[in-house]
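model_1.csv follows (CSV, N, CA and C atoms):
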```csv
chain,number,residue,atom,x,y,z
A,1,MET,N,116.8,107.9,94.5
A,1,MET,CA,116.7,106.5,94.7
A,1,MET,C,116.0,105.9,93.5
A,2,ASP,N,116.5,104.7,93.0
A,2,ASP,CA,115.8,104.0,92.0
A,2,ASP,C,114.7,103.2,92.5
A,3,SER,N,113.4,103.6,92.1
A,3,SER,CA,112.2,102.9,92.7
A,3,SER,C,112.1,101.5,92.2
A,4,SER,N,112.9,101.0,91.3
A,4,SER,CA,112.8,99.7,90.8
A,4,SER,C,113.3,98.7,91.9
A,5,TYR,N,113.9,99.2,93.0
A,5,TYR,CA,114.3,98.3,94.1
A,5,TYR,C,113.0,97.7,94.8
A,6,PHE,N,111.9,98.5,94.7
A,6,PHE,CA,110.7,98.0,95.3
A,6,PHE,C,110.0,96.9,94.4
A,7,SER,N,110.2,97.0,93.1
A,7,SER,CA,109.5,96.1,92.1
A,7,SER,C,109.9,94.7,92.3
A,8,ASN,N,109.0,93.9,92.9
A,8,ASN,CA,109.2,92.5,93.1
A,8,ASN,C,110.3,92.2,94.1
A,9,GLY,N,110.7,93.3,94.9
A,9,GLY,CA,111.7,93.0,96.0
A,9,GLY,C,111.0,92.2,97.0
A,10,LYS,N,111.7,91.2,97.5
A,10,LYS,CA,111.1,90.3,98.5
A,10,LYS,C,111.2,90.9,99.9
A,11,VAL,N,110.1,90.7,100.6
A,11,VAL,CA,109.9,91.2,101.9
A,11,VAL,C,109.3,90.1,102.7
A,12,TYR,N,109.7,89.8,104.0
A,12,TYR,CA,109.0,88.9,104.8
A,12,TYR,C,109.0,89.4,106.2
A,13,ALA,N,107.9,88.9,106.9
A,13,ALA,CA,107.8,89.2,108.4
A,13,ALA,C,108.2,88.0,109.2
A,14,TRP,N,108.9,88.2,110.2
A,14,TRP,CA,109.3,87.1,111.1
A,14,TRP,C,108.1,86.6,111.8
A,15,ALA,N,108.1,85.4,112.1
A,15,ALA,CA,107.0,84.8,112.8
A,15,ALA,C,107.0,85.2,114.3
A,16,GLU,N,108.1,85.4,114.9
A,16,GLU,CA,108.2,85.7,116.3
A,16,GLU,C,107.8,87.1,116.6
A,17,THR,N,107.4,87.3,117.8
A,17,THR,CA,107.1,88.7,118.4
A,17,THR,C,108.3,89.1,119.2
A,18,PHE,N,108.7,90.4,119.1
A,18,PHE,CA,109.9,90.9,119.7
A,18,PHE,C,109.6,92.0,120.7
A,19,ALA,N,110.6,92.2,121.6
A,19,ALA,CA,110.6,93.3,122.6
A,19,ALA,C,111.8,94.1,122.3
A,20,VAL,N,111.6,95.4,122.4
A,20,VAL,CA,112.8,96.4,122.4
A,20,VAL,C,113.0,96.7,123.8
A,21,VAL,N,114.3,96.5,124.3
A,21,VAL,CA,114.6,96.7,125.7
A,21,VAL,C,115.8,97.7,125.8
A,22,LYS,N,115.7,98.4,126.9
A,22,LYS,CA,116.9,99.2,127.4
A,22,LYS,C,117.5,98.3,128.4
A,23,ALA,N,118.8,98.0,128.2
A,23,ALA,CA,119.4,97.0,129.1
A,23,ALA,C,120.7,97.5,129.8
A,24,LYS,N,121.0,96.8,130.9
A,24,LYS,CA,122.2,97.2,131.6
A,24,LYS,C,123.5,96.7,130.9
A,25,LYS,N,123.4,95.7,130.1
A,25,LYS,CA,124.5,95.1,129.4
A,25,LYS,C,124.0,94.5,128.1
A,26,PRO,N,124.8,94.2,127.1
A,26,PRO,CA,124.4,93.5,125.9
A,26,PRO,C,123.7,92.2,126.3
A,27,ILE,N,122.7,91.9,125.6
A,27,ILE,CA,121.9,90.6,125.8
A,27,ILE,C,122.3,89.6,124.7
A,28,PRO,N,122.8,88.4,125.1
A,28,PRO,CA,123.2,87.4,124.1
A,28,PRO,C,122.1,86.9,123.3
A,29,ASN,N,122.4,86.6,122.1
A,29,ASN,CA,121.5,86.0,121.1
A,29,ASN,C,120.3,87.0,120.7
A,30,ALA,N,120.5,88.3,120.9
A,30,ALA,CA,119.5,89.2,120.5
A,30,ALA,C,119.5,89.4,119.0
A,31,PHE,N,118.4,89.8,118.4
A,31,PHE,CA,118.4,90.1,117.0
A,31,PHE,C,119.3,91.3,116.7
A,32,ALA,N,119.3,92.3,117.6
A,32,ALA,CA,120.2,93.4,117.4
A,32,ALA,C,120.5,94.0,118.8
A,33,VAL,N,121.8,94.5,118.9
A,33,VAL,CA,122.2,95.3,120.1
A,33,VAL,C,122.9,96.5,119.6
A,34,ILE,N,122.4,97.6,120.2
A,34,ILE,CA,123.0,98.9,119.9
A,34,ILE,C,123.5,99.5,121.2
A,35,GLN,N,124.8,99.7,121.2
A,35,GLN,CA,125.5,100.2,122.4
A,35,GLN,C,126.1,101.6,122.1
A,36,ASP,N,125.6,102.6,122.6
A,36,ASP,CA,126.2,103.9,122.4
A,36,ASP,C,126.7,104.5,123.8
A,37,LYS,N,127.2,105.7,123.8
A,37,LYS,CA,127.7,106.2,125.1
A,37,LYS,C,126.7,106.4,126.2
A,38,ASN,N,125.4,106.4,125.8
A,38,ASN,CA,124.4,106.6,126.8
A,38,ASN,C,123.6,105.4,127.2
A,39,GLU,N,123.4,104.4,126.4
A,39,GLU,CA,122.6,103.3,126.7
A,39,GLU,C,122.8,102.1,125.8
A,40,ILE,N,122.2,101.0,126.2
A,40,ILE,CA,122.3,99.8,125.4
A,40,ILE,C,120.8,99.4,125.1
A,41,THR,N,120.6,99.2,123.8
A,41,THR,CA,119.2,98.8,123.4
A,41,THR,C,119.4,97.5,122.7
A,42,ALA,N,118.5,96.6,123.0
A,42,ALA,CA,118.5,95.3,122.4
A,42,ALA,C,117.1,94.9,121.9
A,43,VAL,N,117.0,94.2,120.8
A,43,VAL,CA,115.8,93.6,120.3
A,43,VAL,C,115.9,92.1,120.5
A,44,ILE,N,115.0,91.6,121.3
A,44,ILE,CA,115.0,90.2,121.7
A,44,ILE,C,113.6,89.6,121.5
A,45,GLU,N,113.6,88.3,121.4
A,45,GLU,CA,112.3,87.6,121.3
A,45,GLU,C,111.5,87.9,122.6
A,46,GLN,N,110.3,88.3,122.4
A,46,GLN,CA,109.5,88.7,123.6
A,46,GLN,C,109.4,87.6,124.6
A,47,ASN,N,109.4,86.3,124.2
A,47,ASN,CA,109.3,85.3,125.2
A,47,ASN,C,110.6,85.1,126.0
A,48,LYS,N,111.7,85.9,125.7
A,48,LYS,CA,112.9,85.8,126.4
A,48,LYS,C,113.1,86.9,127.5
A,49,VAL,N,112.1,87.8,127.5
A,49,VAL,CA,112.2,89.0,128.4
A,49,VAL,C,112.4,88.5,129.9
A,50,GLY,N,111.6,87.6,130.3
A,50,GLY,CA,111.7,87.1,131.7
A,50,GLY,C,113.1,86.5,132.0
A,51,GLU,N,113.7,85.8,131.0
A,51,GLU,CA,115.0,85.2,131.2
A,51,GLU,C,116.1,86.3,131.5
A,52,TYR,N,115.9,87.5,130.9
A,52,TYR,CA,116.9,88.5,131.1
A,52,TYR,C,116.4,89.7,131.9
A,53,GLN,N,115.3,89.5,132.7
A,53,GLN,CA,114.7,90.6,133.4
A,53,GLN,C,115.7,91.3,134.3
A,54,GLN,N,116.6,90.6,134.9
A,54,GLN,CA,117.6,91.3,135.8
A,54,GLN,C,118.5,92.2,135.1
A,55,ASP,N,118.6,92.1,133.7
A,55,ASP,CA,119.5,93.0,133.0
A,55,ASP,C,118.7,94.1,132.2
A,56,ILE,N,117.3,94.1,132.3
A,56,ILE,CA,116.5,95.0,131.6
A,56,ILE,C,116.0,96.1,132.5
A,57,LEU,N,116.1,97.3,131.9
A,57,LEU,CA,115.7,98.5,132.6
A,57,LEU,C,114.3,99.0,132.2
A,58,GLU,N,114.0,98.9,130.9
A,58,GLU,CA,112.8,99.3,130.3
A,58,GLU,C,112.4,98.3,129.2
A,59,THR,N,111.1,98.1,128.9
A,59,THR,CA,110.7,97.2,127.9
A,59,THR,C,109.5,97.8,127.1
A,60,SER,N,109.6,97.6,125.8
A,60,SER,CA,108.5,97.9,124.9
A,60,SER,C,108.2,96.6,124.1
A,61,GLU,N,107.1,96.0,124.4
A,61,GLU,CA,106.7,94.7,123.8
A,61,GLU,C,105.8,94.8,122.6
A,62,GLY,N,105.7,93.7,121.8
A,62,GLY,CA,104.7,93.7,120.8
A,62,GLY,C,105.2,94.2,119.4
A,63,TRP,N,106.4,93.9,119.1
A,63,TRP,CA,107.0,94.3,117.8
A,63,TRP,C,107.2,93.1,116.9
A,64,ASN,N,107.1,93.4,115.6
A,64,ASN,CA,107.4,92.4,114.6
A,64,ASN,C,108.4,92.9,113.7
A,65,ILE,N,109.3,92.0,113.2
A,65,ILE,CA,110.4,92.4,112.3
A,65,ILE,C,110.0,92.1,110.9
A,66,ILE,N,110.1,93.1,110.0
A,66,ILE,CA,109.9,92.9,108.6
A,66,ILE,C,111.3,93.1,107.9
A,67,THR,N,111.7,92.1,107.2
A,67,THR,CA,113.1,92.1,106.5
A,67,THR,C,112.9,92.3,105.0
A,68,PHE,N,113.7,93.2,104.5
A,68,PHE,CA,113.8,93.3,103.0
A,68,PHE,C,114.8,92.3,102.5
A,69,ASP,N,114.4,91.2,102.0
A,69,ASP,CA,115.2,90.1,101.6
A,69,ASP,C,115.8,90.4,100.2
A,70,MET,N,116.6,91.4,100.1
A,70,MET,CA,117.2,91.8,98.8
A,70,MET,C,118.5,92.5,99.1
A,71,LEU,N,119.4,92.4,98.2
A,71,LEU,CA,120.7,93.0,98.4
A,71,LEU,C,120.6,94.5,98.0
A,72,LEU,N,120.9,95.3,99.0
A,72,LEU,CA,120.8,96.8,98.8
A,72,LEU,C,122.2,97.4,99.0
A,73,PRO,N,122.6,98.2,98.0
A,73,PRO,CA,123.9,98.8,98.1
A,73,PRO,C,124.1,99.6,99.4
A,74,LEU,N,125.2,99.5,100.0
A,74,LEU,CA,125.5,100.3,101.3
A,74,LEU,C,125.3,101.8,101.1
A,75,ASN,N,125.6,102.3,99.9
A,75,ASN,CA,125.6,103.7,99.6
A,75,ASN,C,124.2,104.1,99.0
A,76,MET,N,123.2,103.3,99.0
A,76,MET,CA,121.9,103.7,98.5
A,76,MET,C,121.3,104.8,99.3
A,77,VAL,N,120.8,105.8,98.6
A,77,VAL,CA,120.2,107.0,99.2
A,77,VAL,C,118.7,106.9,99.1
A,78,GLY,N,118.0,107.0,100.2
A,78,GLY,CA,116.5,107.2,100.1
A,78,GLY,C,115.7,106.0,100.3
A,79,PHE,N,116.2,104.8,100.3
A,79,PHE,CA,115.4,103.6,100.3
A,79,PHE,C,114.6,103.5,101.6
A,80,ILE,N,115.3,103.6,102.8
A,80,ILE,CA,114.6,103.5,104.0
A,80,ILE,C,113.7,104.7,104.3
A,81,GLY,N,114.1,105.8,103.7
A,81,GLY,CA,113.3,107.0,103.8
A,81,GLY,C,112.0,106.9,103.1
A,82,ALA,N,112.0,106.2,101.9
A,82,ALA,CA,110.8,106.0,101.2
A,82,ALA,C,109.9,105.0,101.9
A,83,VAL,N,110.5,104.0,102.5
A,83,VAL,CA,109.7,103.0,103.3
A,83,VAL,C,109.1,103.7,104.5
A,84,ALA,N,109.9,104.4,105.3
A,84,ALA,CA,109.4,105.0,106.5
A,84,ALA,C,108.3,106.0,106.2
A,85,ASN,N,108.5,106.8,105.1
A,85,ASN,CA,107.5,107.8,104.7
A,85,ASN,C,106.1,107.1,104.3
A,86,ALA,N,106.2,106.0,103.6
A,86,ALA,CA,105.0,105.3,103.2
A,86,ALA,C,104.3,104.8,104.4
A,87,LEU,N,105.0,104.2,105.3
A,87,LEU,CA,104.4,103.7,106.5
A,87,LEU,C,103.9,104.8,107.4
A,88,ALA,N,104.6,105.9,107.5
A,88,ALA,CA,104.1,107.0,108.3
A,88,ALA,C,102.8,107.6,107.8
A,89,GLN,N,102.7,107.6,106.5
A,89,GLN,CA,101.4,108.2,105.9
A,89,GLN,C,100.2,107.3,106.3
A,90,GLU,N,100.4,106.1,106.7
A,90,GLU,CA,99.4,105.2,107.2
A,90,GLU,C,99.3,105.2,108.7
A,91,GLY,N,100.1,106.0,109.4
A,91,GLY,CA,100.1,106.1,110.9
A,91,GLY,C,100.8,105.0,111.5
A,92,ILE,N,101.7,104.3,110.8
A,92,ILE,CA,102.5,103.2,111.4
A,92,ILE,C,103.8,103.6,111.9
A,93,ASP,N,104.1,103.4,113.2
A,93,ASP,CA,105.4,103.7,113.8
A,93,ASP,C,106.4,102.7,113.4
A,94,VAL,N,107.6,103.1,113.1
A,94,VAL,CA,108.6,102.1,112.8
A,94,VAL,C,109.9,102.4,113.5
A,95,LEU,N,110.6,101.3,113.8
A,95,LEU,CA,112.0,101.4,114.2
A,95,LEU,C,112.8,100.7,113.0
A,96,THR,N,113.9,101.4,112.6
A,96,THR,CA,114.7,100.8,111.5
A,96,THR,C,116.0,100.3,112.0
A,97,PHE,N,116.4,99.2,111.3
A,97,PHE,CA,117.7,98.6,111.6
A,97,PHE,C,118.4,98.3,110.3
A,98,SER,N,119.6,98.8,110.1
A,98,SER,CA,120.3,98.6,108.8
A,98,SER,C,121.4,97.5,109.0
A,99,ALA,N,121.4,96.6,108.1
A,99,ALA,CA,122.5,95.6,108.1
A,99,ALA,C,123.4,96.1,107.0
A,100,TYR,N,124.5,95.4,106.7
A,100,TYR,CA,125.5,95.8,105.7
A,100,TYR,C,124.8,95.9,104.3
A,101,SER,N,124.0,94.9,104.0
A,101,SER,CA,123.4,94.8,102.6
A,101,SER,C,121.9,94.7,102.6
A,102,THR,N,121.2,94.9,103.7
A,102,THR,CA,119.8,94.9,103.7
A,102,THR,C,119.2,95.8,104.8
A,103,GLU,N,117.9,95.9,104.9
A,103,GLU,CA,117.2,96.7,105.9
A,103,GLU,C,116.2,95.8,106.6
A,104,HIS,N,115.9,96.3,107.8
A,104,HIS,CA,114.8,95.7,108.6
A,104,HIS,C,114.0,96.8,109.2
A,105,VAL,N,112.7,96.6,109.3
A,105,VAL,CA,111.9,97.6,110.1
A,105,VAL,C,111.1,96.8,111.1
A,106,LEU,N,110.9,97.4,112.2
A,106,LEU,CA,110.1,96.9,113.3
A,106,LEU,C,108.8,97.7,113.3
A,107,VAL,N,107.7,97.0,113.4
A,107,VAL,CA,106.4,97.6,113.5
A,107,VAL,C,105.7,96.9,114.6
A,108,GLN,N,104.8,97.7,115.2
A,108,GLN,CA,103.9,97.1,116.3
A,108,GLN,C,103.1,96.0,115.7
A,109,SER,N,102.9,94.9,116.5
A,109,SER,CA,102.2,93.7,116.0
A,109,SER,C,100.8,94.1,115.5
A,110,LYS,N,100.1,95.0,116.1
A,110,LYS,CA,98.8,95.5,115.7
A,110,LYS,C,98.8,96.1,114.3
A,111,ASP,N,100.0,96.5,113.8
A,111,ASP,CA,100.1,97.2,112.5
A,111,ASP,C,100.7,96.3,111.4
A,112,LEU,N,101.1,95.1,111.8
A,112,LEU,CA,101.8,94.3,110.8
A,112,LEU,C,101.1,94.0,109.5
A,113,ALA,N,99.9,93.6,109.5
A,113,ALA,CA,99.2,93.4,108.3
A,113,ALA,C,99.0,94.7,107.4
A,114,LYS,N,98.8,95.7,108.1
A,114,LYS,CA,98.7,97.0,107.4
A,114,LYS,C,100.0,97.4,106.8
A,115,ALA,N,101.1,97.2,107.5
A,115,ALA,CA,102.4,97.6,107.0
A,115,ALA,C,102.8,96.7,105.8
A,116,LEU,N,102.5,95.4,105.9
A,116,LEU,CA,102.8,94.6,104.7
A,116,LEU,C,102.0,95.0,103.5
A,117,GLY,N,100.7,95.4,103.7
A,117,GLY,CA,99.9,96.0,102.6
A,117,GLY,C,100.5,97.2,102.0
A,118,VAL,N,101.1,98.1,102.8
A,118,VAL,CA,101.7,99.3,102.3
A,118,VAL,C,102.9,98.9,101.5
A,119,LEU,N,103.7,98.0,101.9
A,119,LEU,CA,104.9,97.6,101.2
A,119,LEU,C,104.5,96.9,99.9
A,120,GLU,N,103.5,96.1,99.9
A,120,GLU,CA,103.0,95.5,98.7
A,120,GLU,C,102.6,96.5,97.7
A,121,ARG,N,101.9,97.6,98.1
A,121,ARG,CA,101.5,98.7,97.2
A,121,ARG,C,102.7,99.4,96.6
A,122,LEU,N,103.8,99.4,97.4
A,122,LEU,CA,105.1,100.0,96.8
A,122,LEU,C,105.7,99.1,95.8
A,123,GLY,N,105.2,97.9,95.7
A,123,GLY,CA,105.8,97.0,94.6
A,123,GLY,C,106.5,95.7,95.2
A,124,CYS,N,106.6,95.7,96.5
A,124,CYS,CA,107.3,94.6,97.1
A,124,CYS,C,106.5,93.3,97.0
A,125,LYS,N,107.2,92.2,97.0
A,125,LYS,CA,106.5,90.9,97.0
A,125,LYS,C,106.7,90.3,98.4
A,126,ILE,N,105.5,90.0,99.0
A,126,ILE,CA,105.5,89.5,100.4
A,126,ILE,C,105.8,88.0,100.3
A,127,SER,N,106.8,87.5,101.0
A,127,SER,CA,107.1,86.1,100.9
A,127,SER,C,107.0,85.5,102.4
A,128,ASN,N,107.1,84.2,102.5
A,128,ASN,CA,107.1,83.5,103.8
A,128,ASN,C,108.5,83.7,104.4
A,129,ASN,N,108.5,83.7,105.7
A,129,ASN,CA,109.8,83.8,106.4
A,129,ASN,C,110.6,82.5,106.1
A,130,PRO,N,111.8,82.6,105.6
A,130,PRO,CA,112.6,81.4,105.3
A,130,PRO,C,112.9,80.6,106.5
```
Do you think you could lay out the structure here as structure tokens?
Amino acid sequence: MDSSYFSNGKVYAWAETFAVVKAKKPIPNAFAVIQDKNEITAVIEQNKVGEYQQDILETSEGWNIITFDMLLPLNMVGFIGAVANALAQEGIDVLTFSAYSTEHVLVQSKDLAKALGVLERLGCKISNNP
């Protein structure tokens, strides 16, 4: 992987706090929904958990989304691995979500500032949420 992708690559943290939920059915207006043969997982704004409680089986609250606001080739090898490894070395748990041309990582709210510091040390430029 070309490490220049980190040099001044823009990264921002979303202002909202999110919950990762195991659901009975896809939840509308979620940040992400993953439906496989065994379960449905959704990432929703934490303040919406009560609204969908009847459809939620399990909940993990207190997550923040960090978005890599840069175009990343779909066939890029090692980018998210480098990010996950750098965060893991600092004891930060992550959930990763890939979009077609960018990446998102979820970190626990208590680790957000620490995670942004790690990404800054990798060369990323931390910007405000658009």
Next item on the list: Taking the chain letters and numbering used in this document, name the residues of chain A that DSSP puts in strand (DSSP E or B), as a ChimeraX atom specification.
Entry: /A:10-13,18-23,32-35,40-45,56-68,94-98,103-108,125-126
Check: Which neighbours of Glu61 (chain A) fall inside 8 Å, counting only N, CA and C atoms, when residues of the same chain fewer than 6 positions from it are skipped, and could you give them as a PyMOL selection string?
Finding: chain A and resi 17-21+46+108-109
Check: Pick the closest to Phe68 (chain A) from A:Ile80, A:Leu95, A:Ala32, A:Val11: which is it, counting all atoms listed in the file?
Finding: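 Smallest separation from Phe68 (chain A) among the options: A:Val11.
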Which neighbours of Glu45 (chain A) fall inside 7 Å, counting all atoms listed in the file, when residues of the same chain fewer than 2 positions from it are skipped, and could you give them as an mmCIF file with N, CA and C atoms, in the frame of the given file?
```
data_model
loop_
_atom_site.group_PDB
_atom_site.id
_atom_site.type_symbol
_atom_site.label_atom_id
_atom_site.label_comp_id
_atom_site.auth_asym_id
_atom_site.auth_seq_id
_atom_site.Cartn_x
_atom_site.Cartn_y
_atom_site.Cartn_z
ATOM 1 N N GLU A 16 108.100 85.400 114.900
ATOM 2 C CA GLU A 16 108.200 85.700 116.300
ATOM 3 C C GLU A 16 107.800 87.100 116.600
ATOM 4 N N THR A 17 107.400 87.300 117.800
ATOM 5 C CA THR A 17 107.100 88.700 118.400
ATOM 6 C C THR A 17 108.300 89.100 119.200
ATOM 7 N N PHE A 18 108.700 90.400 119.100
ATOM 8 C CA PHE A 18 109.900 90.900 119.700
ATOM 9 C C PHE A 18 109.600 92.000 120.700
ATOM 10 N N ALA A 19 110.600 92.200 121.600
ATOM 11 C CA ALA A 19 110.600 93.300 122.600
ATOM 12 C C ALA A 19 111.800 94.100 122.300
ATOM 13 N N ASN A 29 122.400 86.600 122.100
ATOM 14 C CA ASN A 29 121.500 86.000 121.100
ATOM 15 C C ASN A 29 120.300 87.000 120.700
ATOM 16 N N ALA A 30 120.500 88.300 120.900
ATOM 17 C CA ALA A 30 119.500 89.200 120.500
ATOM 18 C C ALA A 30 119.500 89.400 119.000
ATOM 19 N N PHE A 31 118.400 89.800 118.400
ATOM 20 C CA PHE A 31 118.400 90.100 117.000
ATOM 21 C C PHE A 31 119.300 91.300 116.700
ATOM 22 N N VAL A 43 117.000 94.200 120.800
ATOM 23 C CA VAL A 43 115.800 93.600 120.300
ATOM 24 C C VAL A 43 115.900 92.100 120.500
ATOM 25 N N ASN A 47 109.400 86.300 124.200
ATOM 26 C CA ASN A 47 109.300 85.300 125.200
ATOM 27 C C ASN A 47 110.600 85.100 126.000
ATOM 28 N N LYS A 48 111.700 85.900 125.700
ATOM 29 C CA LYS A 48 112.900 85.800 126.400
ATOM 30 C C LYS A 48 113.100 86.900 127.500
ATOM 31 N N VAL A 49 112.100 87.800 127.500
ATOM 32 C CA VAL A 49 112.200 89.000 128.400
ATOM 33 C C VAL A 49 112.400 88.500 129.900
#
```
Note to self: Could you pull out the helix (DSSP H, G or I) residues of chain A, going by DSSP on the backbone, and write them as a PyMOL selection string?
What the structure shows: chain A and resi 3-5+46-48+50-55+79-89+109-122
Can those selected residues be exported to a file as a compact mmCIF listing (two decimals), keeping the file's coordinate frame so that it contains N, CA and C atoms?
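Final file, again.txt:
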```
# COMPACT_ATOMS: atom_id res chain seq x y z
N SER A 3 113.40 103.60 92.10
CA SER A 3 112.20 102.90 92.70
C SER A 3 112.10 101.50 92.20
N SER A 4 112.90 101.00 91.30
CA SER A 4 112.80 99.70 90.80
C SER A 4 113.30 98.70 91.90
N TYR A 5 113.90 99.20 93.00
CA TYR A 5 114.30 98.30 94.10
C TYR A 5 113.00 97.70 94.80
N GLN A 46 110.30 88.30 122.40
CA GLN A 46 109.50 88.70 123.60
C GLN A 46 109.40 87.60 124.60
N ASN A 47 109.40 86.30 124.20
CA ASN A 47 109.30 85.30 125.20
C ASN A 47 110.60 85.10 126.00
N LYS A 48 111.70 85.90 125.70
CA LYS A 48 112.90 85.80 126.40
C LYS A 48 113.10 86.90 127.50
N GLY A 50 111.60 87.60 130.30
CA GLY A 50 111.70 87.10 131.70
C GLY A 50 113.10 86.50 132.00
N GLU A 51 113.70 85.80 131.00
CA GLU A 51 115.00 85.20 131.20
C GLU A 51 116.10 86.30 131.50
N TYR A 52 115.90 87.50 130.90
CA TYR A 52 116.90 88.50 131.10
C TYR A 52 116.40 89.70 131.90
N GLN A 53 115.30 89.50 132.70
CA GLN A 53 114.70 90.60 133.40
C GLN A 53 115.70 91.30 134.30
N GLN A 54 116.60 90.60 134.90
CA GLN A 54 117.60 91.30 135.80
C GLN A 54 118.50 92.20 135.10
N ASP A 55 118.60 92.10 133.70
CA ASP A 55 119.50 93.00 133.00
C ASP A 55 118.70 94.10 132.20
N PHE A 79 116.20 104.80 100.30
CA PHE A 79 115.40 103.60 100.30
C PHE A 79 114.60 103.50 101.60
N ILE A 80 115.30 103.60 102.80
CA ILE A 80 114.60 103.50 104.00
C ILE A 80 113.70 104.70 104.30
N GLY A 81 114.10 105.80 103.70
CA GLY A 81 113.30 107.00 103.80
C GLY A 81 112.00 106.90 103.10
N ALA A 82 112.00 106.20 101.90
CA ALA A 82 110.80 106.00 101.20
C ALA A 82 109.90 105.00 101.90
N VAL A 83 110.50 104.00 102.50
CA VAL A 83 109.70 103.00 103.30
C VAL A 83 109.10 103.70 104.50
N ALA A 84 109.90 104.40 105.30
CA ALA A 84 109.40 105.00 106.50
C ALA A 84 108.30 106.00 106.20
N ASN A 85 108.50 106.80 105.10
CA ASN A 85 107.50 107.80 104.70
C ASN A 85 106.10 107.10 104.30
N ALA A 86 106.20 106.00 103.60
CA ALA A 86 105.00 105.30 103.20
C ALA A 86 104.30 104.80 104.40
N LEU A 87 105.00 104.20 105.30
CA LEU A 87 104.40 103.70 106.50
C LEU A 87 103.90 104.80 107.40
N ALA A 88 104.60 105.90 107.50
CA ALA A 88 104.10 107.00 108.30
C ALA A 88 102.80 107.60 107.80
N GLN A 89 102.70 107.60 106.50
CA GLN A 89 101.40 108.20 105.90
C GLN A 89 100.20 107.30 106.30
N SER A 109 102.90 94.90 116.50
CA SER A 109 102.20 93.70 116.00
C SER A 109 100.80 94.10 115.50
N LYS A 110 100.10 95.00 116.10
CA LYS A 110 98.80 95.50 115.70
C LYS A 110 98.80 96.10 114.30
N ASP A 111 100.00 96.50 113.80
CA ASP A 111 100.10 97.20 112.50
C ASP A 111 100.70 96.30 111.40
N LEU A 112 101.10 95.10 111.80
CA LEU A 112 101.80 94.30 110.80
C LEU A 112 101.10 94.00 109.50
N ALA A 113 99.90 93.60 109.50
CA ALA A 113 99.20 93.40 108.30
C ALA A 113 99.00 94.70 107.40
N LYS A 114 98.80 95.70 108.10
CA LYS A 114 98.70 97.00 107.40
C LYS A 114 100.00 97.40 106.80
N ALA A 115 101.10 97.20 107.50
CA ALA A 115 102.40 97.60 107.00
C ALA A 115 102.80 96.70 105.80
N LEU A 116 102.50 95.40 105.90
CA LEU A 116 102.80 94.60 104.70
C LEU A 116 102.00 95.00 103.50
N GLY A 117 100.70 95.40 103.70
CA GLY A 117 99.90 96.00 102.60
C GLY A 117 100.50 97.20 102.00
N VAL A 118 101.10 98.10 102.80
CA VAL A 118 101.70 99.30 102.30
C VAL A 118 102.90 98.90 101.50
N LEU A 119 103.70 98.00 101.90
CA LEU A 119 104.90 97.60 101.20
C LEU A 119 104.50 96.90 99.90
N GLU A 120 103.50 96.10 99.90
CA GLU A 120 103.00 95.50 98.70
C GLU A 120 102.60 96.50 97.70
N ARG A 121 101.90 97.60 98.10
CA ARG A 121 101.50 98.70 97.20
C ARG A 121 102.70 99.40 96.60
N LEU A 122 103.80 99.40 97.40
CA LEU A 122 105.10 100.00 96.80
C LEU A 122 105.70 99.10 95.80
```
Note to self: Quick check, in Å to one decimal: how far apart do atom N of Asn128 (chain A) and atom C of Leu112 (chain A) lie?
What the structure shows: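 Interatomic distance, atom N of Asn128 (chain A) to atom C of Leu112 (chain A): 13.5 Å.
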Notebook entry, point to check: Can you tell me how far CA of Asn129 (chain A) sits from CA of Leu106 (chain A), in Å to one decimal?
Noted result: 14.8 Å
Item checked: Proximity to Ile27 (chain A) - best of A:Ala42, A:Val83, A:Ala99, A:Leu71, all atoms listed in the file ->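 Smallest distance to Ile27 (chain A) is found for A:Ala42.
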Next item on the list: Quick one: pull the distance between CA of Asp55 (chain A) and CA of Tyr100 (chain A), Å, one decimal.
Entry: 28.1 Å
Next item on the list: Neighbourhood query: residues within 6.5 Å of (123.4, 97.6, 100.2), file coordinates, counting all atoms listed in the file; return as a PyMOL selection string.
Entry: chain A and resi 71-76+100-102
Output for the residues just chosen: N, CA and C atoms as a tab-separated table (two decimals), in the frame of the given file:
```tsv
chain	number	residue	atom	x	y	z
A	71	LEU	N	119.40	92.40	98.20
A	71	LEU	CA	120.70	93.00	98.40
A	71	LEU	C	120.60	94.50	98.00
A	72	LEU	N	120.90	95.30	99.00
A	72	LEU	CA	120.80	96.80	98.80
A	72	LEU	C	122.20	97.40	99.00
A	73	PRO	N	122.60	98.20	98.00
A	73	PRO	CA	123.90	98.80	98.10
A	73	PRO	C	124.10	99.60	99.40
A	74	LEU	N	125.20	99.50	100.00
A	74	LEU	CA	125.50	100.30	101.30
A	74	LEU	C	125.30	101.80	101.10
A	75	ASN	N	125.60	102.30	99.90
A	75	ASN	CA	125.60	103.70	99.60
A	75	ASN	C	124.20	104.10	99.00
A	76	MET	N	123.20	103.30	99.00
A	76	MET	CA	121.90	103.70	98.50
A	76	MET	C	121.30	104.80	99.30
A	100	TYR	N	124.50	95.40	106.70
A	100	TYR	CA	125.50	95.80	105.70
A	100	TYR	C	124.80	95.90	104.30
A	101	SER	N	124.00	94.90	104.00
A	101	SER	CA	123.40	94.80	102.60
A	101	SER	C	121.90	94.70	102.60
A	102	THR	N	121.20	94.90	103.70
A	102	THR	CA	119.80	94.90	103.70
A	102	THR	C	119.20	95.80	104.80
```
Note to self: Under the rule that only N, CA and C atoms are counted, which of A:Ala23, A:Ile34, A:Ile92, A:Leu122 is the nearest residue to Glu58 (chain A)?
What the structure shows: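 Closest residue, counting only N, CA and C atoms: A:Ala23.
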Next item on the list: Around the point (113.7, 92.3, 101.9) in the file's coordinates, collect all residues with an atom within 6 Å, using only N, CA and C atoms, and return them as a VMD selection string.
Entry: chain A and resid 9 to 12 67 to 70
Emit region 52-60 of chain A of the structure in the block as a file comprising C-alpha atoms, as a compact mmCIF listing (two decimals), in the first residue's frame.
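The result, written out as result.txt:
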```txt
# COMPACT_ATOMS: atom_id res chain seq x y z
CA TYR A 52 -36.87 1.10 16.97
CA GLN A 53 -36.73 -0.86 20.25
CA GLN A 54 -39.38 -3.33 19.06
CA ASP A 55 -37.10 -4.31 16.15
CA ILE A 56 -33.84 -4.51 18.15
CA LEU A 57 -32.54 -7.74 19.70
CA GLU A 58 -29.18 -6.50 21.07
CA THR A 59 -27.54 -3.09 21.38
CA SER A 60 -24.01 -1.78 21.82
```
